[in-house]
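Step one of this worksheet: look at the structure below.
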Amino acid sequence: MDRMLRWSDELSSSDVETIERFLVPRLRQVQDTQPPESDEHRAAAGVSNLLSEVVPILSSYIQAMSLPPLGTAMERSANAERLSSAILLHWNWLVCMAEPWREEPGFDHVRWKRLYIRNAEQQALVERFSQ
């Protein structure tokens, strides 16, 4: 299996859970070792709060992509585009939270990267119009 992450359509809930498991102990360690009034503690608390918001939303969006589409063809297309855009945005936020630890053991350089393209079809369009 190719682990290289190219497009947001390749994301799974497992990707989200793995990056969350990587971040939580690191953020907790900062919060546990720094005084509550320190900038370090506050920054870690802020990222932890953001993480607790982004992870369930992103997971639900990824799961929604596997549900049978509803509505007219135009509605299905618009809904898929909105959902894909939301997945890209939330995934990139999650990756931005992890990037400060990119040199640490356990950071997945193959999958934890910012994404800009949804799938092979969109990739072909981008390549066609960039020539």
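Ordered as shown in the structure tokens, chains take letters A, B, and onward, while each chain numbers its residues from 1 and ligands are numbered from 1 in the order shown.
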
Near Asn92 of chain A, counting only C-alpha atoms, which residues have an atom at most 9 Å away, once you skip same-chain residues fewer than 6 positions from it, shown as a list of chain:residue names?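 Here the answer would be A:Trp112, A:Lys113, A:Arg114, A:Leu115, A:Tyr116.
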
Mind dumping the selected residues with all heavy atoms as a PDB file, in the first residue's frame?
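The result, stored in selection.pdb:
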ATOM      1  N   TRP A 112       1.677  13.456   7.071  1.00  0.00           N
ATOM      2  CA  TRP A 112       1.299  14.693   7.756  1.00  0.00           C
ATOM      3  C   TRP A 112       1.858  15.893   7.016  1.00  0.00           C
ATOM      4  O   TRP A 112       2.881  16.473   7.381  1.00  0.00           O
ATOM      5  CB  TRP A 112       1.782  14.685   9.191  1.00  0.00           C
ATOM      6  CG  TRP A 112       1.190  13.583  10.015  1.00  0.00           C
ATOM      7  CD1 TRP A 112       0.186  12.731   9.662  1.00  0.00           C
ATOM      8  CD2 TRP A 112       1.570  13.208  11.327  1.00  0.00           C
ATOM      9  NE1 TRP A 112      -0.083  11.855  10.681  1.00  0.00           N
ATOM     10  CE2 TRP A 112       0.754  12.130  11.713  1.00  0.00           C
ATOM     11  CE3 TRP A 112       2.529  13.687  12.217  1.00  0.00           C
ATOM     12  CZ2 TRP A 112       0.867  11.523  12.963  1.00  0.00           C
ATOM     13  CZ3 TRP A 112       2.643  13.073  13.456  1.00  0.00           C
ATOM     14  CH2 TRP A 112       1.812  12.013  13.813  1.00  0.00           C
ATOM     15  N   LYS A 113       1.184  16.248   5.958  1.00  0.00           N
ATOM     16  CA  LYS A 113       1.588  17.413   5.187  1.00  0.00           C
ATOM     17  C   LYS A 113       0.337  18.157   4.740  1.00  0.00           C
ATOM     18  O   LYS A 113      -0.753  17.583   4.657  1.00  0.00           O
ATOM     19  CB  LYS A 113       2.445  17.008   3.997  1.00  0.00           C
ATOM     20  CG  LYS A 113       1.796  16.022   3.075  1.00  0.00           C
ATOM     21  CD  LYS A 113       2.796  15.592   2.025  1.00  0.00           C
ATOM     22  CE  LYS A 113       2.154  14.635   1.051  1.00  0.00           C
ATOM     23  NZ  LYS A 113       3.064  14.266   0.000  1.00  0.00           N
ATOM     24  N   ARG A 114       0.519  19.416   4.467  1.00  0.00           N
ATOM     25  CA  ARG A 114      -0.610  20.232   4.008  1.00  0.00           C
ATOM     26  C   ARG A 114      -1.024  19.791   2.609  1.00  0.00           C
ATOM     27  O   ARG A 114      -0.193  19.439   1.785  1.00  0.00           O
ATOM     28  CB  ARG A 114      -0.235  21.704   4.007  1.00  0.00           C
ATOM     29  CG  ARG A 114       0.052  22.218   5.400  1.00  0.00           C
ATOM     30  CD  ARG A 114       0.384  23.679   5.366  1.00  0.00           C
ATOM     31  NE  ARG A 114       1.230  24.007   6.501  1.00  0.00           N
ATOM     32  CZ  ARG A 114       1.552  25.240   6.826  1.00  0.00           C
ATOM     33  NH1 ARG A 114       1.127  26.260   6.100  1.00  0.00           N
ATOM     34  NH2 ARG A 114       2.309  25.467   7.876  1.00  0.00           N
ATOM     35  N   LEU A 115      -2.321  19.841   2.403  1.00  0.00           N
ATOM     36  CA  LEU A 115      -2.886  19.414   1.127  1.00  0.00           C
ATOM     37  C   LEU A 115      -3.610  20.582   0.471  1.00  0.00           C
ATOM     38  O   LEU A 115      -4.136  21.458   1.151  1.00  0.00           O
ATOM     39  CB  LEU A 115      -3.872  18.261   1.346  1.00  0.00           C
ATOM     40  CG  LEU A 115      -3.285  17.005   1.969  1.00  0.00           C
ATOM     41  CD1 LEU A 115      -4.394  16.026   2.312  1.00  0.00           C
ATOM     42  CD2 LEU A 115      -2.272  16.371   1.036  1.00  0.00           C
ATOM     43  N   TYR A 116      -3.648  20.548  -0.867  1.00  0.00           N
ATOM     44  CA  TYR A 116      -4.305  21.612  -1.611  1.00  0.00           C
ATOM     45  C   TYR A 116      -5.229  21.088  -2.701  1.00  0.00           C
ATOM     46  O   TYR A 116      -5.990  21.850  -3.277  1.00  0.00           O
ATOM     47  CB  TYR A 116      -3.246  22.539  -2.223  1.00  0.00           C
ATOM     48  CG  TYR A 116      -2.337  23.102  -1.161  1.00  0.00           C
ATOM     49  CD1 TYR A 116      -1.106  22.525  -0.886  1.00  0.00           C
ATOM     50  CD2 TYR A 116      -2.759  24.173  -0.376  1.00  0.00           C
ATOM     51  CE1 TYR A 116      -0.298  23.026   0.124  1.00  0.00           C
ATOM     52  CE2 TYR A 116      -1.957  24.670   0.636  1.00  0.00           C
ATOM     53  CZ  TYR A 116      -0.731  24.087   0.885  1.00  0.00           C
ATOM     54  OH  TYR A 116       0.056  24.569   1.895  1.00  0.00           O
TER      55      TYR A 116
END

Need to verify the contact set: Gly46 of chain A, 12 Å, only C-alpha atoms, exclusion of same-chain residues closer than 5 positions in sequence. Can you return it as a PyMOL selection string? chain A and resi 27-28+30-31+39-41+51-53+97

Generate a file of the selected residues that holds C-alpha atoms, formatted as a CSV table (one decimal), in the first residue's frame.
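So out.csv came out as:
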chain,number,residue,atom,x,y,z
A,27,LEU,CA,0.8,19.4,24.7
A,28,ARG,CA,-0.1,17.8,28.1
A,30,VAL,CA,4.0,21.4,28.5
A,31,GLN,CA,0.8,22.1,30.4
A,39,ASP,CA,3.1,31.8,28.0
A,40,GLU,CA,4.2,28.2,27.3
A,41,HIS,CA,1.3,26.8,29.3
A,51,LEU,CA,-7.2,20.3,18.7
A,52,SER,CA,-10.3,19.2,20.7
A,53,GLU,CA,-12.5,21.2,18.3
A,97,MET,CA,-0.5,22.2,14.9

Running DSSP on the backbone, which parts of segment 72-120 of chain A land in helix (DSSP H, G or I), as a ChimeraX atom specification? /A:73-101,120

Counting only C-alpha atoms, closest pick from A:Val54, A:Ile62, A:Leu70, A:Gln34 relative to Glu20 of chain A is A:Val54
